[in-house]
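Asks: Attaching a single structure in C-alpha cells format; questions to follow.
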Amino acid sequence: MAMRERSRSKGIGITVFIILLLTPIYWLLNMSFKTNREILSGLTLWPQNFTFDNYVVIFTDSSWYSGYINSMTYVLMNMAITLTVALPAAYAFSRYRFLGDKHLFFWLLSNRMAPPAVFLLPFFQLYSSIGLFDTHIAVALAHCLFNVPLAVWILEGFMSGVPREYDEMAYIDGYSFPRFFVKIFMPMIRSGIGVTAFFIFMFSWVELLLARTLTSVDAQPIAAIMTRTIGASGIDWGVLSAAGVLTILPGVLVVWFVRNHVARGFALGRV
Amino acid sequence: MRKIPDNRAWWLVLPVLLLVAFSALVPLMTVVNYSVQDIFGPGNAYYVGTEWFRDVLRDERLQASLLRQFGFSAAVLAIEIPLGIGIALMMPKGGIRASLCLILLAIPLLIPWNVVGTIWQIFARGDIGLFGWGLNELGLSYNYTGDPVDAWLTVLLMDVWHWTPLVALLCYSGLRAIPEAFYQAAEIDRASRWAVFRYIQLPRLKNVLVIAVLLRFMDSFMIYTEPFVLTGGGPGSSTTFLSQTLTTMAVGQFDLGRAAAFSLVYFLIVLLVSWLFFTAITHMDKER
C-alpha cells in the first residue's frame, strides 16, 4: 500500500519536472508559429493566426539553410575523425600497460578541461596560416580538442567491461589484430560506440565559440547565422524561434536512435 | 582488469597523440609564447618575462570576475547534483515510460548553447515571455536586463534547466546497474527508505557522481555562450564570467600578451580544481 503511494508521488514528481523542463521549449515552438505582429502585440498561450511563414523564410533562403548543412558537415566529419583515432587508443588504454600511459591519459583529459576561449586566438592564427580558415575541416579538427579526450574516456570504460579472454580466444583462432578488432570486438561494444557517437555529436553540435571564430562565410554554422536576425527593425523573433526549433530536431533524432543504449551507457561505461 | 605490459601499445595511441598535439599543443605553445612578450606587430615583439602574469594577477576586474565565476560554479553544483539525484530516483524503472523520460530529459542537452540563450532571452522577457510576464503578473518586479540580481538568477536558472538532466541521466544509469537482490535484502532487513539510499544507492552512484561533478564543474567554469546571448554580461558586469572577460580582452581589445597570461592562469585553475575534486573523491573511497 505504502509502496503504491510512493510510486504515485514519484510519478507526479517526475511529470512536474518534465513539464517545467519543456515549458521554455514549448514557448519557442509557440513563437515560431506566430507572426511578428502577434508576438509583439501581446501575450498569447498558443498561436492565434497559425502560420508557417517563419519556416518558409528559412527553407527558401540559402543563407539560412546552408547554415544547417555547414553545421551537419563539420559535426559528421568530427564524428568520423574522432571515432577513428579514439577506438584504437581506448583499446590500448584498457588492455595494456605502457611507458607513460597514466600521464598520457591525464594529459588527454586535461584538454577536455581547457576553456575554448583560451584557444580562440591561436586556433585562428594556426588555421589561417595553413589555409584552412573558413573550411568545415578546420572546425572538425578544432572540435577534436574536447571530443577526442571524451571519446577515449567513454570507450575505455566500455572496453574495460569486456573480459580479455575474448581477445585471447580470437588470437588462438588465428585472427589478426585488425580483423579481430573490426569483426569481433567492435560489434561487442557497439552500444558503447553508439553512446560515444551520441556524445561527440552533442558536444560538436552545440558548440559555438570555436565554430564561429574559425568560419566567416563558406562554412558558417547555423548558430552563428542566427545572431544575424537582429536587423534594423529590431529582432525578428518569429524567424529566430523557427531557426531555434530546427536546431533542436537533429538532436532529438539522434537520441531516438540510441535510446536503448542511453540508459546503460550514459555513465560513460563506468557503472 | 589485469593489464599486460607492452610498449607496442604506443602505436595504437599514436594517432590520438598526433591529432591532439596538432590541435592542442601547438596552440598552447603559441599562448605560452605570447604570454612572455609584448607584441606591437609582426616581427616587433619584446621579451617581458613574467610582467603580464603579475599584471593579470593584480587586475581587479579579473579578480572580480574570478570571484563571480567561483560563486556561479559553486551554486551550479550545489543545486544540480542533489536535484539530479532526486530526479533519477523518481524516474520509472523500465518500459516505454522510462524511454520517454530519457528522451525528454535529454532534449535540453542537445540544443546549441546560443539557442539555449535565445530560448531564455525570449522566455524571461517581461513583454513576450511567459516566465517574465508571469512573474510580473504575480506582482514581483522582475527585469533581467536591468536588475543585476535578476540577471544573475536567470543565468543560474538557465544553467539548472540546461544541465540538471545530464546529472539525472548519469545517476539513472548508475541506479539501473544495482542488482535487484540488493533491494530484496534491504526489504528483508526492514531497512528504511533513507537507509536504502544511504547504504545501497549512494555508494553505487559514486562512479557516475565523480563524472557528473567533474563535467559540471569544468563546463560551468568555462561558460560563455549562454550568458553572452542572454545578458551580454550585463547589466554592468554582473554576469560577466571568466571566458567572456578573456574573449573581450583577446579579440575585442587585441591585448595579446595579457590575454595569453590570463589564459594560462585560467587553464591552471581549472586543472587544479578538477584535480582536487578527483583526488578528494577517490581518497574518500580508500578510507571507507
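Chain identifiers are assigned as A, B, and so on, following the order in which chains appear in the C-alpha cells; residues are numbered from 1 within each chain, and ligands are numbered from 1 in order of appearance.
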Would you mind listing what lies within 10 Å of range 245-253 of chain B as a ChimeraX atom specification, with only C-alpha atoms counted and same-chain residues fewer than 4 positions away left out?

Replies: /A:116-118,120-121,209,213 /B:61-62,65-66,224,233,237,240-241,257-260,262-263,266

Asks: Check the DSSP output for the backbone and give back, as a list in words, the residues of range 41-260 of chain B in strand (DSSP E or B).

Replies: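 Of range 41-260 of chain B, only Gly41, Asn44, Ala45, Tyr46 and Tyr47 of chain B fall in strand (DSSP E or B).
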
Asks: Name the residues in contact with range 194-202 of chain B at a cut-off of 9 Å, using only C-alpha atoms, excluding same-chain residues fewer than 3 positions from it; report them as number ranges by chain.

Replies: B: 174-175, 178, 182-183, 186-187, 191, 205-206

Asks: Hey, can you spit out that residue selection with C-alpha atoms as a PDB file, in the first residue's frame?

Replies:
```pdb
ATOM      1  CA  GLY B 174      24.091   4.224 -12.109  1.00  0.00           C
ATOM      2  CA  LEU B 175      20.883   3.222 -10.314  1.00  0.00           C
ATOM      3  CA  ILE B 178      22.262  -2.054  -8.917  1.00  0.00           C
ATOM      4  CA  PHE B 182      20.301  -5.709  -3.018  1.00  0.00           C
ATOM      5  CA  TYR B 183      16.833  -4.211  -2.650  1.00  0.00           C
ATOM      6  CA  ALA B 186      17.168  -4.481   2.314  1.00  0.00           C
ATOM      7  CA  GLU B 187      13.470  -5.297   2.426  1.00  0.00           C
ATOM      8  CA  ALA B 191      15.656  -1.044   6.023  1.00  0.00           C
ATOM      9  CA  LEU B 205      26.377   6.092  -7.547  1.00  0.00           C
ATOM     10  CA  LYS B 206      29.890   7.182  -6.622  1.00  0.00           C
TER      11      LYS B 206
END
```

Asks: At what distance in Å, to one decimal, does CA of Pro221 in chain A lie from CA of Arg216 in chain B?

Replies: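 So the answer is 25.4 Å.
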
Asks: Give me the residues within 9 Å of range 244-249 of chain A as a list in words, counting only C-alpha atoms and dropping any in the same chain fewer than 2 places off.

Replies: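 Skipping anything fewer than 2 positions along the chain leaves Ile25, Leu28, Leu29, Ser32, Tyr55, Tyr68, Trp205, Ile222, Ala223, Met226, Val239, Leu240, Ser241, Ala242, Gly251, Val252, Leu253 and Val254 of chain A; Ile107, Pro108, Leu110, Ile111, Pro112, Val115, Val116, Thr118 and Ile119 of chain B.
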
Asks: Would you list the contacts of Met113 in chain A as an NGL selection string, taking every protein, DNA or RNA residue within 8 Å and counting only C-alpha atoms, but skipping same-chain residues closer than 5 positions in sequence?

Replies: (:A and (146)) or (:B and (218 or 267 or 270-271))

Asks: Selection from above, C-alpha atoms, as a compact mmCIF listing (two decimals), in the first residue's frame, can you write it?

Replies:
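What ended up in selection.txt:
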```txt
# COMPACT_ATOMS: atom_id res chain seq x y z
CA PHE A 146 37.42 18.31 -26.46
CA MET B 218 34.53 22.15 -15.86
CA PHE B 267 43.62 26.87 -17.54
CA VAL B 270 40.51 24.56 -13.95
CA LEU B 271 43.17 21.84 -13.88
```

Asks: Taking the chain letters and numbering used in this document, name the residues of range 49-126 of chain A that DSSP puts in helix (DSSP H, G or I), as an NGL selection string.

Replies: :A and (53-60 or 62-95 or 101-112 or 116-126)

Asks: Would you save the residues of that selection, restricted to C-alpha atoms, as a PDB file, in the first residue's frame?

Replies:
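Result went into part.pdb, see below:
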```
ATOM      1  CA  ASP A  53       5.829  31.755 -42.805  1.00  0.00           C
ATOM      2  CA  ASN A  54       8.799  31.765 -40.426  1.00  0.00           C
ATOM      3  CA  TYR A  55       9.788  28.276 -41.561  1.00  0.00           C
ATOM      4  CA  VAL A  56       9.250  29.163 -45.209  1.00  0.00           C
ATOM      5  CA  VAL A  57      11.755  32.002 -44.802  1.00  0.00           C
ATOM      6  CA  ILE A  58      14.402  29.559 -43.565  1.00  0.00           C
ATOM      7  CA  PHE A  59      13.799  26.848 -46.169  1.00  0.00           C
ATOM      8  CA  THR A  60      13.785  29.211 -49.130  1.00  0.00           C
ATOM      9  CA  SER A  62      20.051  29.745 -48.919  1.00  0.00           C
ATOM     10  CA  SER A  63      21.899  31.938 -46.424  1.00  0.00           C
ATOM     11  CA  TRP A  64      19.696  30.295 -43.771  1.00  0.00           C
ATOM     12  CA  TYR A  65      19.555  26.649 -44.783  1.00  0.00           C
ATOM     13  CA  SER A  66      23.213  26.471 -45.778  1.00  0.00           C
ATOM     14  CA  GLY A  67      23.966  27.072 -42.101  1.00  0.00           C
ATOM     15  CA  TYR A  68      22.311  23.774 -41.223  1.00  0.00           C
ATOM     16  CA  ILE A  69      24.236  21.991 -43.971  1.00  0.00           C
ATOM     17  CA  ASN A  70      27.517  23.508 -42.749  1.00  0.00           C
ATOM     18  CA  SER A  71      26.880  22.512 -39.158  1.00  0.00           C
ATOM     19  CA  MET A  72      25.917  18.965 -40.152  1.00  0.00           C
ATOM     20  CA  THR A  73      29.012  18.641 -42.341  1.00  0.00           C
ATOM     21  CA  TYR A  74      31.550  19.507 -39.691  1.00  0.00           C
ATOM     22  CA  VAL A  75      29.754  17.513 -36.996  1.00  0.00           C
ATOM     23  CA  LEU A  76      29.820  14.369 -39.154  1.00  0.00           C
ATOM     24  CA  MET A  77      33.461  14.972 -40.112  1.00  0.00           C
ATOM     25  CA  ASN A  78      34.359  15.386 -36.466  1.00  0.00           C
ATOM     26  CA  MET A  79      32.492  12.170 -35.611  1.00  0.00           C
ATOM     27  CA  ALA A  80      34.416  10.206 -38.246  1.00  0.00           C
ATOM     28  CA  ILE A  81      37.823  11.586 -37.240  1.00  0.00           C
ATOM     29  CA  THR A  82      37.219  11.202 -33.509  1.00  0.00           C
ATOM     30  CA  LEU A  83      35.960   7.609 -33.669  1.00  0.00           C
ATOM     31  CA  THR A  84      38.786   6.542 -35.996  1.00  0.00           C
ATOM     32  CA  VAL A  85      41.552   7.723 -33.698  1.00  0.00           C
ATOM     33  CA  ALA A  86      39.820   7.120 -30.358  1.00  0.00           C
ATOM     34  CA  LEU A  87      38.897   3.444 -30.861  1.00  0.00           C
ATOM     35  CA  PRO A  88      42.464   2.041 -31.069  1.00  0.00           C
ATOM     36  CA  ALA A  89      43.705   4.402 -28.360  1.00  0.00           C
ATOM     37  CA  ALA A  90      40.941   3.398 -25.963  1.00  0.00           C
ATOM     38  CA  TYR A  91      41.764  -0.251 -26.647  1.00  0.00           C
ATOM     39  CA  ALA A  92      45.421   0.381 -25.791  1.00  0.00           C
ATOM     40  CA  PHE A  93      44.493   2.131 -22.537  1.00  0.00           C
ATOM     41  CA  SER A  94      42.064  -0.603 -21.494  1.00  0.00           C
ATOM     42  CA  ARG A  95      44.320  -3.593 -22.306  1.00  0.00           C
ATOM     43  CA  ASP A 101      50.225   5.545 -20.023  1.00  0.00           C
ATOM     44  CA  LYS A 102      48.772   7.243 -16.923  1.00  0.00           C
ATOM     45  CA  HIS A 103      50.400  10.587 -17.721  1.00  0.00           C
ATOM     46  CA  LEU A 104      49.201  10.410 -21.284  1.00  0.00           C
ATOM     47  CA  PHE A 105      45.649   9.669 -20.174  1.00  0.00           C
ATOM     48  CA  PHE A 106      45.591  12.601 -17.786  1.00  0.00           C
ATOM     49  CA  TRP A 107      47.124  14.878 -20.398  1.00  0.00           C
ATOM     50  CA  LEU A 108      44.360  13.880 -22.827  1.00  0.00           C
ATOM     51  CA  LEU A 109      41.706  14.609 -20.210  1.00  0.00           C
ATOM     52  CA  SER A 110      43.304  17.943 -19.402  1.00  0.00           C
ATOM     53  CA  ASN A 111      42.424  19.041 -22.925  1.00  0.00           C
ATOM     54  CA  ARG A 112      38.759  18.444 -22.113  1.00  0.00           C
ATOM     55  CA  PRO A 116      37.808  27.006 -25.575  1.00  0.00           C
ATOM     56  CA  ALA A 117      38.233  30.745 -25.062  1.00  0.00           C
ATOM     57  CA  VAL A 118      41.912  30.070 -24.289  1.00  0.00           C
ATOM     58  CA  PHE A 119      42.438  28.557 -27.729  1.00  0.00           C
ATOM     59  CA  LEU A 120      40.450  31.100 -29.689  1.00  0.00           C
ATOM     60  CA  LEU A 121      43.277  33.276 -30.953  1.00  0.00           C
ATOM     61  CA  PRO A 122      45.948  30.596 -31.534  1.00  0.00           C
ATOM     62  CA  PHE A 123      43.402  28.480 -33.435  1.00  0.00           C
ATOM     63  CA  PHE A 124      42.500  31.397 -35.623  1.00  0.00           C
ATOM     64  CA  GLN A 125      46.158  32.018 -36.453  1.00  0.00           C
ATOM     65  CA  LEU A 126      47.017  28.335 -36.871  1.00  0.00           C
TER      66      LEU A 126
END
```

Asks: Just the residues within 6 Å of range 45-57 of chain B, please, counting only C-alpha atoms, with nothing from its chain fewer than 2 positions along; format it as a list in words.

Replies: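 Once the adjacent positions are removed, what remains is Val36, Gln37, Asp38, Ile39, Phe40, Asp59, Arg258 and Ala261 of chain B.
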
Asks: Using N, CA and C atoms, can you write the selected residues to a file as a PDB file, in the first residue's frame?

Replies:
```
ATOM      1  N   VAL B  36      54.842  35.836 -22.620  1.00  0.00           N
ATOM      2  CA  VAL B  36      56.082  36.417 -22.106  1.00  0.00           C
ATOM      3  C   VAL B  36      56.609  37.524 -23.020  1.00  0.00           C
ATOM      4  N   GLN B  37      55.760  37.972 -23.981  1.00  0.00           N
ATOM      5  CA  GLN B  37      56.236  39.006 -24.891  1.00  0.00           C
ATOM      6  C   GLN B  37      55.261  40.171 -24.974  1.00  0.00           C
ATOM      7  N   ASP B  38      55.800  41.325 -25.338  1.00  0.00           N
ATOM      8  CA  ASP B  38      54.935  42.454 -25.634  1.00  0.00           C
ATOM      9  C   ASP B  38      54.954  42.617 -27.153  1.00  0.00           C
ATOM     10  N   ILE B  39      53.765  42.478 -27.773  1.00  0.00           N
ATOM     11  CA  ILE B  39      53.725  42.418 -29.225  1.00  0.00           C
ATOM     12  C   ILE B  39      53.128  43.699 -29.797  1.00  0.00           C
ATOM     13  N   PHE B  40      53.927  44.373 -30.625  1.00  0.00           N
ATOM     14  CA  PHE B  40      53.427  45.609 -31.265  1.00  0.00           C
ATOM     15  C   PHE B  40      53.026  45.367 -32.706  1.00  0.00           C
ATOM     16  N   ASP B  59      45.083  42.560 -11.503  1.00  0.00           N
ATOM     17  CA  ASP B  59      43.960  43.247 -12.143  1.00  0.00           C
ATOM     18  C   ASP B  59      42.656  43.037 -11.363  1.00  0.00           C
ATOM     19  N   ARG B 258      48.611  40.104 -22.418  1.00  0.00           N
ATOM     20  CA  ARG B 258      47.839  39.978 -21.194  1.00  0.00           C
ATOM     21  C   ARG B 258      46.821  38.845 -21.318  1.00  0.00           C
ATOM     22  N   ALA B 261      48.586  35.482 -20.887  1.00  0.00           N
ATOM     23  CA  ALA B 261      48.919  35.198 -19.489  1.00  0.00           C
ATOM     24  C   ALA B 261      47.663  34.815 -18.715  1.00  0.00           C
TER      25      ALA B 261
END
```

Asks: Per residue of range 108-185 of chain B within 8 Å of range 87-102 of chain B, what are the shortest atom pair and its distance in Å to one decimal, counting only C-alpha atoms, with rows by chain and residue number, as a Markdown table?

Replies:
```
| residue | atom | partner | partner_atom | distance |
| --- | --- | --- | --- | --- |
| B:Ala168 | CA | B:Ala88 | CA | 4.9 |
| B:Leu169 | CA | B:Ala88 | CA | 6.8 |
| B:Cys171 | CA | B:Ala88 | CA | 5.8 |
| B:Tyr172 | CA | B:Ala88 | CA | 4.8 |
| B:Leu175 | CA | B:Ala88 | CA | 7.8 |
| B:Arg176 | CA | B:Lys93 | CA | 7.5 |
```

Asks: Between A:Ala224, A:Ile12, A:Leu150, A:Ile19, which one has atoms that come closest to Phe198 in chain A, using only C-alpha atoms?

Replies: A:Leu150

Asks: Which of these residues is nearest to chain B, using only C-alpha atoms: A:Gly131, A:Pro149, A:Gly194, A:Pro187?

Replies: A:Pro149

Asks: Using only C-alpha atoms, find the one residue out of A:Val182, A:Ala197, A:Met202, A:Ala138 that sits nearest to chain B.

Replies: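 The answer is A:Met202, which sits nearest to chain B.
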
Asks: Excluding Arg164 in chain A and its own-chain neighbours fewer than 3 positions away, which residues fall within 12 Å of it when counting only C-alpha atoms? Please give them as a PDB file with N, CA and C atoms, in the first residue's frame.

Replies:
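Everything below was put into around-v7.pdb:
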```pdb
ATOM      1  N   TYR A  91      41.410   1.158 -26.791  1.00  0.00           N
ATOM      2  CA  TYR A  91      41.764  -0.251 -26.647  1.00  0.00           C
ATOM      3  C   TYR A  91      43.119  -0.388 -25.963  1.00  0.00           C
ATOM      4  N   SER A  94      42.821   0.352 -22.292  1.00  0.00           N
ATOM      5  CA  SER A  94      42.064  -0.603 -21.494  1.00  0.00           C
ATOM      6  C   SER A  94      42.781  -1.945 -21.378  1.00  0.00           C
ATOM      7  N   ARG A  95      43.727  -2.254 -22.301  1.00  0.00           N
ATOM      8  CA  ARG A  95      44.320  -3.593 -22.306  1.00  0.00           C
ATOM      9  C   ARG A  95      45.788  -3.641 -21.896  1.00  0.00           C
ATOM     10  N   TYR A  96      46.522  -2.586 -22.166  1.00  0.00           N
ATOM     11  CA  TYR A  96      47.974  -2.665 -21.978  1.00  0.00           C
ATOM     12  C   TYR A  96      48.479  -1.649 -20.973  1.00  0.00           C
ATOM     13  N   MET A 159      35.243  -0.706 -22.941  1.00  0.00           N
ATOM     14  CA  MET A 159      36.130  -1.800 -23.322  1.00  0.00           C
ATOM     15  C   MET A 159      36.626  -2.551 -22.089  1.00  0.00           C
ATOM     16  N   SER A 160      36.808  -1.829 -20.983  1.00  0.00           N
ATOM     17  CA  SER A 160      37.273  -2.499 -19.765  1.00  0.00           C
ATOM     18  C   SER A 160      36.238  -3.490 -19.251  1.00  0.00           C
ATOM     19  N   GLY A 161      34.979  -3.303 -19.675  1.00  0.00           N
ATOM     20  CA  GLY A 161      33.935  -4.228 -19.256  1.00  0.00           C
ATOM     21  C   GLY A 161      33.942  -5.539 -20.028  1.00  0.00           C
ATOM     22  N   ASP A 167      39.646 -11.635 -26.368  1.00  0.00           N
ATOM     23  CA  ASP A 167      40.769 -11.270 -27.231  1.00  0.00           C
ATOM     24  C   ASP A 167      41.669 -12.470 -27.452  1.00  0.00           C
ATOM     25  N   GLU A 168      42.020 -13.132 -26.314  1.00  0.00           N
ATOM     26  CA  GLU A 168      42.975 -14.234 -26.398  1.00  0.00           C
ATOM     27  C   GLU A 168      42.414 -15.379 -27.223  1.00  0.00           C
ATOM     28  N   MET A 169      41.115 -15.653 -27.029  1.00  0.00           N
ATOM     29  CA  MET A 169      40.477 -16.726 -27.780  1.00  0.00           C
ATOM     30  C   MET A 169      40.559 -16.443 -29.277  1.00  0.00           C
ATOM     31  N   ALA A 170      40.288 -15.198 -29.653  1.00  0.00           N
ATOM     32  CA  ALA A 170      40.294 -14.826 -31.074  1.00  0.00           C
ATOM     33  C   ALA A 170      41.694 -14.988 -31.662  1.00  0.00           C
ATOM     34  N   TYR A 171      42.730 -14.610 -30.871  1.00  0.00           N
ATOM     35  CA  TYR A 171      44.092 -14.748 -31.385  1.00  0.00           C
ATOM     36  C   TYR A 171      44.432 -16.223 -31.575  1.00  0.00           C
ATOM     37  N   PHE A 185      35.496  -7.426 -31.885  1.00  0.00           N
ATOM     38  CA  PHE A 185      35.498  -6.513 -30.748  1.00  0.00           C
ATOM     39  C   PHE A 185      34.501  -5.369 -30.915  1.00  0.00           C
TER      40      PHE A 185
ATOM     41  N   MET B   1      41.029  -4.534 -14.201  1.00  0.00           N
ATOM     42  CA  MET B   1      41.467  -5.641 -15.058  1.00  0.00           C
ATOM     43  C   MET B   1      43.000  -5.725 -15.067  1.00  0.00           C
ATOM     44  N   ARG B   2      43.494  -6.937 -15.138  1.00  0.00           N
ATOM     45  CA  ARG B   2      44.934  -7.175 -15.246  1.00  0.00           C
ATOM     46  C   ARG B   2      45.393  -6.672 -16.609  1.00  0.00           C
ATOM     47  N   LYS B   3      46.389  -5.788 -16.601  1.00  0.00           N
ATOM     48  CA  LYS B   3      46.857  -5.243 -17.876  1.00  0.00           C
ATOM     49  C   LYS B   3      48.228  -5.804 -18.214  1.00  0.00           C
ATOM     50  N   ILE B   4      48.436  -6.039 -19.496  1.00  0.00           N
ATOM     51  CA  ILE B   4      49.702  -6.615 -19.942  1.00  0.00           C
ATOM     52  C   ILE B   4      50.691  -5.493 -20.255  1.00  0.00           C
TER      53      ILE B   4
END
```

Asks: Would you work out the distance separating CA of Ile223 in chain B from CA of Glu80 in chain B, expressed in Å to one decimal?

Replies: 15.3 Å

Asks: Which distance in Å separates CA of Val148 in chain A and CA of Phe257 in chain A, to one decimal?

Replies: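 Separating CA of Val148 in chain A from CA of Phe257 in chain A is a distance of 21.8 Å.
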